[in-house]
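Asker: Quick one: this structure, given as structure tokens, is what I'll be asking you about.
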Amino acid sequence: MNRMTANQLRRAWLDFFEERGHTAVPSSGLIPHHPTAPLFTNAGMNQFVPYFLGEETPPYRRAASVQKCVRTGDIEIVGTTTRHLTFFEMLGNFSFGDYFKEGAIKLAWELSTEVLGFDGDRIWATVYLDDDEAEEIWHHTIGLPAERVQRLGEADNFWEMQKGQPGPCGPNTELYYDRGPEYGPEGGPANGGEERYLEFWNLVFMQYNRQPDGSLTDLPSRNVDTGAGFDRNLALLQGVDTVFETDVLRPLLACAERLTGHRYASDERADVSLRIMADHARTITFLVSDGVFPSNEGRGYVLRRIIRRAVRHAYLLGVEGLVAPDLVDTTVEVMGEAYPELVKNQGFVRDVVVHEEERFRRTLEQGTTILDAQLDQLGEGDVLPGSVAFVLHDTHGFPLELTQEIAAERGVTVDEEGFAAEMAEQRRRAKEARKAEGADELAERFSELLEQFGPTEFTGREEYESKARVLAVLDDADGAVSIVLDRTPFYAEAGGQVGDTGTIVSETGRAEVFDTVYGAPGLVRHRARVVEGKLDPGQEVTASIDGDRRDAIRRNHTATHLLHWALREVLGDHVKQQGSLVAPDRLRFDFSHYEALSAEEIARVEDLVNREVLANHPVRHYETTREHAEQVGAIAFFGEKYGDIVRVLEAGPHSTELCGGTHVRALGDIGPIKIVSEGSIGSNIRRIEAISGFGPIDRLRREEACINRAAQLLGVAADDLVEAVERRVAEVKALRDELKALKRQAATGRAGELAATAVDGIVVARVDGLDRDAVRDLALAVRDQPGIRGVVLGSAPEGGGVAMVSAVRPDSGLHASELIAEAARTIKGGAGKHAELAVAGGKDPSALDAALAQVRAAAGLPTVP
Ligand code: SER
């Protein structure tokens, strides 16, 4: 075995092949270009696909390379093993219609045994099922004993870029190195011995082209594509057990150790996280350097997930600071000599990754706070509802796996089915919404308009009516139209504030706007009905909003900010906005808090905000940089996207928040503020609704009318209402008591009559019209008459059904439920089992007489009274 450093191995590889007529070709980028290519460059051969397919003529017949690769297909496993990586390098040599099987195998053998110094007696080979030719070469030309050449199927010995997808492919032969009995039982790679027999080189005989229908056709020439996992080979050469201990990955692991304070190989759980950090550091650095940006789709999304996964594992190990700078810098240190582009892009890569980490950390902290509060209410063995995991995921970008990991630390599992159901429901809703609005097509039109004309100028902070030009009038699916103007006073729904309504009038027509939303970011979409004539693109129009409505909205919006501040004053800083709705007639504010607000707390909040209003402090609403906004301590609503220039709203001396809505000019403009409801909308999330401006006055008036009407009904002055109601309540109670006593008396009288019909001390009688409770009371009264041992009464109450009650004296020798057991079945009901009092309810009144006859028989009485 020839000990080599990473740089020495790369050099030795290229030298060997250059000496044998190959052109050393630099690694291509990680974003591949050929139509058949996977998302990321996943093999040395990617850049040569046009040569294999005969689409381009190769400038050389033989090539060799050290290629950077990313494979994320098994990312879930990465970290849990010591073999899997998302970033790796692949050493390769290639023949384009030049040497084929024999040439490739001979070169591989020579390099393995002579340059790398592998012991030929420990090399094994596998060939594709029917590849007699390759087996022959191994056996006769190379001299490998027959038992060290094994045959394997498609999964192992047939290679294609993406399984089953179009592109060049072919059978392969793989070289394995026997690491010795200490790594596992003998038997070769074909017998599952992957730990002991380490695959270190794959030679593909590229001779087929997989067609879109799945069939194979011959390529114009027979080619060779070989790939040797660089990290594995390095581990073998450096005599270490795993790829994580080479001079490439060990420094990255050390960096992860430094950042987390955990030593590798002391705790298996921590090791997983450390390996993930070490592996992902390279993937992240290389991807960003090659031009991939974190985003929500395609490559960017994969990158985002990888960054988040690395950060999450650092977070799990308790890291509070940023990890991105060190991980990126260490990667550049270790890999920069072989990949100089990393050194060039280092600052930029660091910025991009740090920005993404900061974003995700905020998510993590926010989500953790919410999750912890939820978990505090659960105990070991409990299940966290899927809906909670969903809200964390949906609103806070908190991944399900993280929720699961944190929950697991407290012995709590997550209802995955519930989570999946919520996700499915959300997808369904989104689809419906899109369908309902014919949204996909429209969305595209709006994006085009945005591209063509830029964002709509918003004039609605200064004026309620503006002259504007029509840019487009689009038909909506529901018969309405969407009007796009170059400038508009209409506020488009955002930040909880509803969209404006109003009119758009041109020389030829008039439209009534019933809602205003964004068609694309920055492009205002007026949803309207054309009520007169028509409006055409290019026309001058007057766009006017409903000013009273907007004024009411403004008052409620600024009131929302004051309430947010006052809630924090009264309840504490844990109060955080979770959502809001600002409409003309009311405002709604959702916030984190753990218990219902008391009447006293509500009053204090109301007093605080109204005091601010009465002080008539000025309101300042201005644009500034995000940095400045942070300096002045503006509260940002998490989940909103803010650009580099933000609007800050200072609502009086205490409330400073980022807000793009519309607001009053001074707090006095708001008028009175009144909270009208308070409740829970999820655990630890409260919702208040409030009104302002004319709202409280209207409400006061309605309540006044209500009081006056009630006073009138009671025939008293409004001021005496409470006293009068108290008197009435006492009166009603006295009357009820009296009525009850009378009923009892009447019942007792009837009990005497019934007792007189007793035979042998037993009364069996039908008492129709009484409900079950009345029958029961009567039965007990009969039972207590002198000389009575037991009584069974049956009734067909007015409401339907049958009630039967059996009551006996303790010393009577009778059994209450046995007396009516059979009868209960006859009336199609069931009876209680009690010995002294049994009540049966049934469904069939027509059977009541027969049932009572059965009771008499059971009691040994004549069956007819
Ligand atoms: N393309 C083959 C592989 O990736 C050989 O280079 O394994």
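Note on naming: chains are A, B, ... as they come in the structure tokens, residues start from 1 per chain, ligands start from 1 in the order shown.
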Which protein, DNA or RNA residues have an atom within 8 Å of ligand 1, counting only C-alpha atoms and all ligand atoms, as a list in words?
Answerer: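 For ligand 1, the residues inside 8 Å are Asn42, Ala43, Gly44, Met45, Asn46, Met90, Leu91, Gly92, Asn93, Trp159, Glu160, Met161, Trp201, Asn202, Leu203, Val204, Asp225, Thr226, Gly227 and Ala228 of chain A.
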Asker: Just want the 10 Å neighbourhood of region 336-343 of chain A, counted on only C-alpha atoms, with same-chain residues fewer than 4 positions away dropped. Output as a count of residues only.
Answerer: 21
Asker: Please, which residues of region 478-700 of chain A, numbered as in this document, come out strand (DSSP E) from DSSP, as a ChimeraX atom specification?
Answerer: /A:481-485,487-488,502-505,509-520,523-533,540-545,577-582,587-592,619-625,645-651,655-658,673-680,685-692
Asker: Please provide the set of residues having any atom within 9 Å of region 657-668 of chain A, restricted to only C-alpha atoms, with same-chain residues fewer than 3 positions apart removed, written as a PDB file with N, CA, C and O atoms, in the first residue's frame.
Answerer:
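Once written, around.pdb looks like this:
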ATOM      1  N   GLY A 460     -51.631  55.544  -2.754  1.00  0.00           N
ATOM      2  CA  GLY A 460     -52.697  55.593  -1.743  1.00  0.00           C
ATOM      3  C   GLY A 460     -52.272  56.017  -0.351  1.00  0.00           C
ATOM      4  O   GLY A 460     -53.094  56.031   0.559  1.00  0.00           O
ATOM      5  N   ARG A 461     -51.011  56.366  -0.145  1.00  0.00           N
ATOM      6  CA  ARG A 461     -50.663  56.922   1.169  1.00  0.00           C
ATOM      7  C   ARG A 461     -50.972  58.413   1.193  1.00  0.00           C
ATOM      8  O   ARG A 461     -51.251  58.965   2.245  1.00  0.00           O
ATOM      9  N   TYR A 491     -55.033  49.980  -2.005  1.00  0.00           N
ATOM     10  CA  TYR A 491     -54.087  49.156  -1.244  1.00  0.00           C
ATOM     11  C   TYR A 491     -54.411  47.690  -1.514  1.00  0.00           C
ATOM     12  O   TYR A 491     -55.563  47.273  -1.395  1.00  0.00           O
ATOM     13  N   GLU A 493     -54.288  43.809  -0.581  1.00  0.00           N
ATOM     14  CA  GLU A 493     -54.250  43.043   0.662  1.00  0.00           C
ATOM     15  C   GLU A 493     -52.834  42.564   0.981  1.00  0.00           C
ATOM     16  O   GLU A 493     -52.188  41.933   0.164  1.00  0.00           O
ATOM     17  N   ALA A 494     -52.377  42.896   2.173  1.00  0.00           N
ATOM     18  CA  ALA A 494     -51.053  42.463   2.613  1.00  0.00           C
ATOM     19  C   ALA A 494     -50.924  42.741   4.089  1.00  0.00           C
ATOM     20  O   ALA A 494     -51.592  43.644   4.618  1.00  0.00           O
ATOM     21  N   GLY A 495     -50.095  41.952   4.743  1.00  0.00           N
ATOM     22  CA  GLY A 495     -49.816  42.183   6.158  1.00  0.00           C
ATOM     23  C   GLY A 495     -51.079  42.199   7.002  1.00  0.00           C
ATOM     24  O   GLY A 495     -51.141  42.893   8.011  1.00  0.00           O
ATOM     25  N   GLY A 496     -52.092  41.432   6.605  1.00  0.00           N
ATOM     26  CA  GLY A 496     -53.318  41.347   7.397  1.00  0.00           C
ATOM     27  C   GLY A 496     -54.338  42.412   7.026  1.00  0.00           C
ATOM     28  O   GLY A 496     -55.522  42.272   7.336  1.00  0.00           O
ATOM     29  N   GLN A 497     -53.889  43.491   6.390  1.00  0.00           N
ATOM     30  CA  GLN A 497     -54.847  44.552   6.032  1.00  0.00           C
ATOM     31  C   GLN A 497     -55.575  44.179   4.738  1.00  0.00           C
ATOM     32  O   GLN A 497     -54.942  43.820   3.748  1.00  0.00           O
ATOM     33  N   ARG A 550     -61.596  53.055   3.868  1.00  0.00           N
ATOM     34  CA  ARG A 550     -60.160  53.083   4.111  1.00  0.00           C
ATOM     35  C   ARG A 550     -59.848  53.745   5.457  1.00  0.00           C
ATOM     36  O   ARG A 550     -58.963  53.303   6.203  1.00  0.00           O
ATOM     37  N   ASP A 551     -60.559  54.816   5.776  1.00  0.00           N
ATOM     38  CA  ASP A 551     -60.315  55.484   7.059  1.00  0.00           C
ATOM     39  C   ASP A 551     -60.565  54.531   8.224  1.00  0.00           C
ATOM     40  O   ASP A 551     -59.808  54.490   9.200  1.00  0.00           O
ATOM     41  N   ILE A 553     -60.354  51.338   8.090  1.00  0.00           N
ATOM     42  CA  ILE A 553     -59.265  50.348   8.075  1.00  0.00           C
ATOM     43  C   ILE A 553     -58.004  50.935   8.715  1.00  0.00           C
ATOM     44  O   ILE A 553     -57.333  50.288   9.521  1.00  0.00           O
ATOM     45  N   ARG A 554     -57.721  52.193   8.364  1.00  0.00           N
ATOM     46  CA  ARG A 554     -56.513  52.835   8.929  1.00  0.00           C
ATOM     47  C   ARG A 554     -56.582  52.886  10.450  1.00  0.00           C
ATOM     48  O   ARG A 554     -55.612  52.615  11.144  1.00  0.00           O
ATOM     49  N   ARG A 555     -57.765  53.279  10.928  1.00  0.00           N
ATOM     50  CA  ARG A 555     -57.908  53.374  12.396  1.00  0.00           C
ATOM     51  C   ARG A 555     -57.669  52.007  13.039  1.00  0.00           C
ATOM     52  O   ARG A 555     -56.935  51.886  14.022  1.00  0.00           O
ATOM     53  N   ASN A 556     -58.290  50.970  12.434  1.00  0.00           N
ATOM     54  CA  ASN A 556     -58.114  49.632  13.005  1.00  0.00           C
ATOM     55  C   ASN A 556     -56.674  49.154  12.883  1.00  0.00           C
ATOM     56  O   ASN A 556     -56.178  48.419  13.745  1.00  0.00           O
ATOM     57  N   HIS A 557     -56.020  49.575  11.813  1.00  0.00           N
ATOM     58  CA  HIS A 557     -54.647  49.088  11.653  1.00  0.00           C
ATOM     59  C   HIS A 557     -53.708  49.693  12.712  1.00  0.00           C
ATOM     60  O   HIS A 557     -52.947  48.989  13.368  1.00  0.00           O
ATOM     61  N   THR A 558     -53.799  50.997  12.873  1.00  0.00           N
ATOM     62  CA  THR A 558     -52.934  51.603  13.895  1.00  0.00           C
ATOM     63  C   THR A 558     -53.339  51.099  15.283  1.00  0.00           C
ATOM     64  O   THR A 558     -52.487  50.864  16.151  1.00  0.00           O
ATOM     65  N   ALA A 559     -54.647  50.887  15.466  1.00  0.00           N
ATOM     66  CA  ALA A 559     -55.113  50.343  16.752  1.00  0.00           C
ATOM     67  C   ALA A 559     -54.499  48.967  17.021  1.00  0.00           C
ATOM     68  O   ALA A 559     -54.142  48.633  18.153  1.00  0.00           O
ATOM     69  N   HIS A 561     -51.569  47.954  16.180  1.00  0.00           N
ATOM     70  CA  HIS A 561     -50.202  48.155  16.690  1.00  0.00           C
ATOM     71  C   HIS A 561     -50.217  48.554  18.165  1.00  0.00           C
ATOM     72  O   HIS A 561     -49.403  48.068  18.954  1.00  0.00           O
ATOM     73  N   GLU A 612     -53.145  56.278  25.173  1.00  0.00           N
ATOM     74  CA  GLU A 612     -52.277  56.690  24.060  1.00  0.00           C
ATOM     75  C   GLU A 612     -53.069  57.502  23.037  1.00  0.00           C
ATOM     76  O   GLU A 612     -52.583  58.503  22.504  1.00  0.00           O
ATOM     77  N   VAL A 613     -54.272  57.020  22.747  1.00  0.00           N
ATOM     78  CA  VAL A 613     -55.112  57.703  21.763  1.00  0.00           C
ATOM     79  C   VAL A 613     -55.423  59.123  22.231  1.00  0.00           C
ATOM     80  O   VAL A 613     -55.280  60.097  21.483  1.00  0.00           O
ATOM     81  N   LEU A 614     -55.812  59.223  23.499  1.00  0.00           N
ATOM     82  CA  LEU A 614     -56.204  60.539  24.010  1.00  0.00           C
ATOM     83  C   LEU A 614     -55.006  61.490  24.066  1.00  0.00           C
ATOM     84  O   LEU A 614     -55.162  62.701  23.936  1.00  0.00           O
ATOM     85  N   ALA A 615     -53.815  60.938  24.258  1.00  0.00           N
ATOM     86  CA  ALA A 615     -52.628  61.801  24.279  1.00  0.00           C
ATOM     87  C   ALA A 615     -52.340  62.323  22.865  1.00  0.00           C
ATOM     88  O   ALA A 615     -51.528  63.227  22.685  1.00  0.00           O
ATOM     89  N   ASN A 616     -52.982  61.701  21.888  1.00  0.00           N
ATOM     90  CA  ASN A 616     -52.882  62.168  20.501  1.00  0.00           C
ATOM     91  C   ASN A 616     -51.437  62.291  20.006  1.00  0.00           C
ATOM     92  O   ASN A 616     -51.076  63.250  19.326  1.00  0.00           O
ATOM     93  N   HIS A 617     -50.620  61.285  20.353  1.00  0.00           N
ATOM     94  CA  HIS A 617     -49.225  61.279  19.886  1.00  0.00           C
ATOM     95  C   HIS A 617     -49.198  61.229  18.367  1.00  0.00           C
ATOM     96  O   HIS A 617     -50.051  60.595  17.744  1.00  0.00           O
ATOM     97  N   PRO A 618     -48.172  61.817  17.765  1.00  0.00           N
ATOM     98  CA  PRO A 618     -48.058  61.714  16.309  1.00  0.00           C
ATOM     99  C   PRO A 618     -47.682  60.295  15.878  1.00  0.00           C
ATOM    100  O   PRO A 618     -47.088  59.540  16.654  1.00  0.00           O
ATOM    101  N   VAL A 619     -48.024  59.956  14.652  1.00  0.00           N
ATOM    102  CA  VAL A 619     -47.651  58.665  14.075  1.00  0.00           C
ATOM    103  C   VAL A 619     -46.647  58.946  12.965  1.00  0.00           C
ATOM    104  O   VAL A 619     -46.888  59.808  12.129  1.00  0.00           O
ATOM    105  N   ARG A 620     -45.505  58.237  13.022  1.00  0.00           N
ATOM    106  CA  ARG A 620     -44.507  58.417  11.956  1.00  0.00           C
ATOM    107  C   ARG A 620     -44.410  57.137  11.146  1.00  0.00           C
ATOM    108  O   ARG A 620     -44.295  56.051  11.710  1.00  0.00           O
ATOM    109  N   HIS A 621     -44.466  57.258   9.844  1.00  0.00           N
ATOM    110  CA  HIS A 621     -44.414  56.084   8.980  1.00  0.00           C
ATOM    111  C   HIS A 621     -43.381  56.393   7.914  1.00  0.00           C
ATOM    112  O   HIS A 621     -43.585  57.274   7.089  1.00  0.00           O
ATOM    113  N   ALA A 629     -33.748  49.959  10.814  1.00  0.00           N
ATOM    114  CA  ALA A 629     -34.983  49.528  11.477  1.00  0.00           C
ATOM    115  C   ALA A 629     -34.645  48.636  12.669  1.00  0.00           C
ATOM    116  O   ALA A 629     -35.243  48.734  13.739  1.00  0.00           O
ATOM    117  N   GLY A 633     -35.058  49.149  16.905  1.00  0.00           N
ATOM    118  CA  GLY A 633     -35.800  48.142  17.651  1.00  0.00           C
ATOM    119  C   GLY A 633     -37.184  47.856  17.107  1.00  0.00           C
ATOM    120  O   GLY A 633     -38.082  47.461  17.843  1.00  0.00           O
ATOM    121  N   ALA A 634     -37.353  48.037  15.796  1.00  0.00           N
ATOM    122  CA  ALA A 634     -38.668  47.757  15.222  1.00  0.00           C
ATOM    123  C   ALA A 634     -38.973  46.265  15.321  1.00  0.00           C
ATOM    124  O   ALA A 634     -38.128  45.431  15.024  1.00  0.00           O
ATOM    125  N   ILE A 635     -40.181  45.954  15.752  1.00  0.00           N
ATOM    126  CA  ILE A 635     -40.598  44.560  15.834  1.00  0.00           C
ATOM    127  C   ILE A 635     -40.998  44.101  14.446  1.00  0.00           C
ATOM    128  O   ILE A 635     -41.810  44.730  13.793  1.00  0.00           O
ATOM    129  N   ALA A 636     -40.375  42.999  13.993  1.00  0.00           N
ATOM    130  CA  ALA A 636     -40.750  42.460  12.687  1.00  0.00           C
ATOM    131  C   ALA A 636     -41.652  41.268  12.919  1.00  0.00           C
ATOM    132  O   ALA A 636     -41.486  40.536  13.894  1.00  0.00           O
ATOM    133  N   PHE A 637     -42.588  41.095  12.050  1.00  0.00           N
ATOM    134  CA  PHE A 637     -43.482  39.959  12.178  1.00  0.00           C
ATOM    135  C   PHE A 637     -42.855  38.800  11.448  1.00  0.00           C
ATOM    136  O   PHE A 637     -42.724  38.820  10.236  1.00  0.00           O
ATOM    137  N   TYR A 642     -39.280  40.708   4.211  1.00  0.00           N
ATOM    138  CA  TYR A 642     -38.946  42.124   4.149  1.00  0.00           C
ATOM    139  C   TYR A 642     -37.757  42.297   3.230  1.00  0.00           C
ATOM    140  O   TYR A 642     -36.835  41.504   3.237  1.00  0.00           O
ATOM    141  N   VAL A 646     -37.273  48.985   4.195  1.00  0.00           N
ATOM    142  CA  VAL A 646     -38.492  48.594   4.910  1.00  0.00           C
ATOM    143  C   VAL A 646     -39.228  49.839   5.364  1.00  0.00           C
ATOM    144  O   VAL A 646     -38.666  50.933   5.398  1.00  0.00           O
ATOM    145  N   ARG A 647     -40.492  49.691   5.725  1.00  0.00           N
ATOM    146  CA  ARG A 647     -41.253  50.798   6.286  1.00  0.00           C
ATOM    147  C   ARG A 647     -41.386  50.575   7.780  1.00  0.00           C
ATOM    148  O   ARG A 647     -41.727  49.475   8.215  1.00  0.00           O
ATOM    149  N   VAL A 648     -41.104  51.614   8.511  1.00  0.00           N
ATOM    150  CA  VAL A 648     -41.222  51.527   9.966  1.00  0.00           C
ATOM    151  C   VAL A 648     -42.411  52.376  10.392  1.00  0.00           C
ATOM    152  O   VAL A 648     -42.592  53.489   9.902  1.00  0.00           O
ATOM    153  N   LEU A 649     -43.220  51.816  11.297  1.00  0.00           N
ATOM    154  CA  LEU A 649     -44.346  52.588  11.823  1.00  0.00           C
ATOM    155  C   LEU A 649     -44.103  52.870  13.300  1.00  0.00           C
ATOM    156  O   LEU A 649     -43.981  51.949  14.100  1.00  0.00           O
ATOM    157  N   GLU A 650     -44.024  54.163  13.628  1.00  0.00           N
ATOM    158  CA  GLU A 650     -43.958  54.547  15.042  1.00  0.00           C
ATOM    159  C   GLU A 650     -45.329  55.082  15.437  1.00  0.00           C
ATOM    160  O   GLU A 650     -45.709  56.190  15.068  1.00  0.00           O
ATOM    161  N   ALA A 651     -46.064  54.270  16.169  1.00  0.00           N
ATOM    162  CA  ALA A 651     -47.405  54.673  16.590  1.00  0.00           C
ATOM    163  C   ALA A 651     -47.291  55.219  18.008  1.00  0.00           C
ATOM    164  O   ALA A 651     -47.446  54.486  18.982  1.00  0.00           O
ATOM    165  N   GLY A 652     -46.929  56.498  18.106  1.00  0.00           N
ATOM    166  CA  GLY A 652     -46.705  57.077  19.424  1.00  0.00           C
ATOM    167  C   GLY A 652     -45.331  56.706  19.925  1.00  0.00           C
ATOM    168  O   GLY A 652     -44.529  56.111  19.202  1.00  0.00           O
ATOM    169  N   GLY A 671     -59.806  57.342  17.589  1.00  0.00           N
ATOM    170  CA  GLY A 671     -61.040  57.323  18.376  1.00  0.00           C
ATOM    171  C   GLY A 671     -60.955  56.207  19.399  1.00  0.00           C
ATOM    172  O   GLY A 671     -59.891  55.594  19.591  1.00  0.00           O
ATOM    173  N   PRO A 672     -62.053  55.896  20.075  1.00  0.00           N
ATOM    174  CA  PRO A 672     -62.006  54.894  21.133  1.00  0.00           C
ATOM    175  C   PRO A 672     -61.672  53.495  20.597  1.00  0.00           C
ATOM    176  O   PRO A 672     -62.036  53.158  19.479  1.00  0.00           O
TER     177      PRO A 672
END
Asker: Using only C-alpha atoms, pick whichever of A:Leu721, A:Val319, A:Leu449, A:Ala37 has the shortest atom-to-atom distance to Pro166 (chain A).
Answerer: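 Looking only at the distances to Pro166 (chain A), the closest residue turns out to be A:Ala37.
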Asker: Contacts of Ala824 (chain A) at 12 Å or less, counting only C-alpha atoms, minus same-chain residues fewer than 2 places along, as an MDAnalysis selection string?
Answerer: chainID A and resid 792 794 802:806 817:822 826:833 838:845 847:855
Asker: Take the selection from the previous step and output its residues with C-alpha atoms, as an mmCIF file, in the first residue's frame.
Answerer:
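Written out: again.cif:
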data_model
loop_
_atom_site.group_PDB
_atom_site.id
_atom_site.type_symbol
_atom_site.label_atom_id
_atom_site.label_comp_id
_atom_site.auth_asym_id
_atom_site.auth_seq_id
_atom_site.Cartn_x
_atom_site.Cartn_y
_atom_site.Cartn_z
ATOM 1 C CA VAL A 792 -94.410 -1.435 38.725
ATOM 2 C CA GLY A 794 -95.684 1.760 32.906
ATOM 3 C CA VAL A 802 -92.263 3.663 26.841
ATOM 4 C CA ALA A 803 -91.076 4.190 30.407
ATOM 5 C CA MET A 804 -91.381 1.496 33.026
ATOM 6 C CA VAL A 805 -90.288 1.759 36.648
ATOM 7 C CA SER A 806 -90.106 -0.992 39.225
ATOM 8 C CA SER A 817 -85.218 -5.531 38.019
ATOM 9 C CA GLU A 818 -86.228 -9.195 37.853
ATOM 10 C CA LEU A 819 -89.861 -8.100 38.088
ATOM 11 C CA ILE A 820 -89.585 -6.190 34.825
ATOM 12 C CA ALA A 821 -86.853 -8.140 33.057
ATOM 13 C CA GLU A 822 -89.121 -9.942 30.627
ATOM 14 C CA THR A 826 -91.413 -6.978 25.277
ATOM 15 C CA ILE A 827 -91.369 -3.192 25.020
ATOM 16 C CA LYS A 828 -88.087 -3.514 23.120
ATOM 17 C CA GLY A 829 -85.969 -1.854 25.723
ATOM 18 C CA GLY A 830 -83.509 -2.566 28.473
ATOM 19 C CA ALA A 831 -83.767 -2.375 32.225
ATOM 20 C CA GLY A 832 -81.282 -1.484 34.950
ATOM 21 C CA LYS A 833 -80.032 -4.260 37.197
ATOM 22 C CA ALA A 838 -85.157 -0.458 38.158
ATOM 23 C CA VAL A 839 -86.041 1.808 35.292
ATOM 24 C CA ALA A 840 -86.664 0.491 31.786
ATOM 25 C CA GLY A 841 -87.010 2.533 28.643
ATOM 26 C CA GLY A 842 -88.516 1.003 25.522
ATOM 27 C CA LYS A 843 -89.538 1.858 22.030
ATOM 28 C CA ASP A 844 -92.847 0.075 21.542
ATOM 29 C CA PRO A 845 -95.884 1.597 23.370
ATOM 30 C CA ALA A 847 -96.688 -3.649 23.720
ATOM 31 C CA LEU A 848 -97.091 -1.900 27.059
ATOM 32 C CA ASP A 849 -100.263 -3.718 28.161
ATOM 33 C CA ALA A 850 -98.782 -7.089 27.305
ATOM 34 C CA ALA A 851 -95.642 -6.123 29.174
ATOM 35 C CA LEU A 852 -97.597 -5.171 32.306
ATOM 36 C CA ALA A 853 -99.441 -8.509 32.086
ATOM 37 C CA GLN A 854 -96.033 -10.222 32.091
ATOM 38 C CA VAL A 855 -95.094 -8.256 35.228
#
Asker: Tell me which of A:Leu237, A:Val732, A:Ile688, A:Leu523 sits closest to Asp590 (chain A), counting only C-alpha atoms.
Answerer: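 Comparing A:Leu237, A:Val732, A:Ile688, A:Leu523 against Asp590 (chain A), the winner is A:Ile688.
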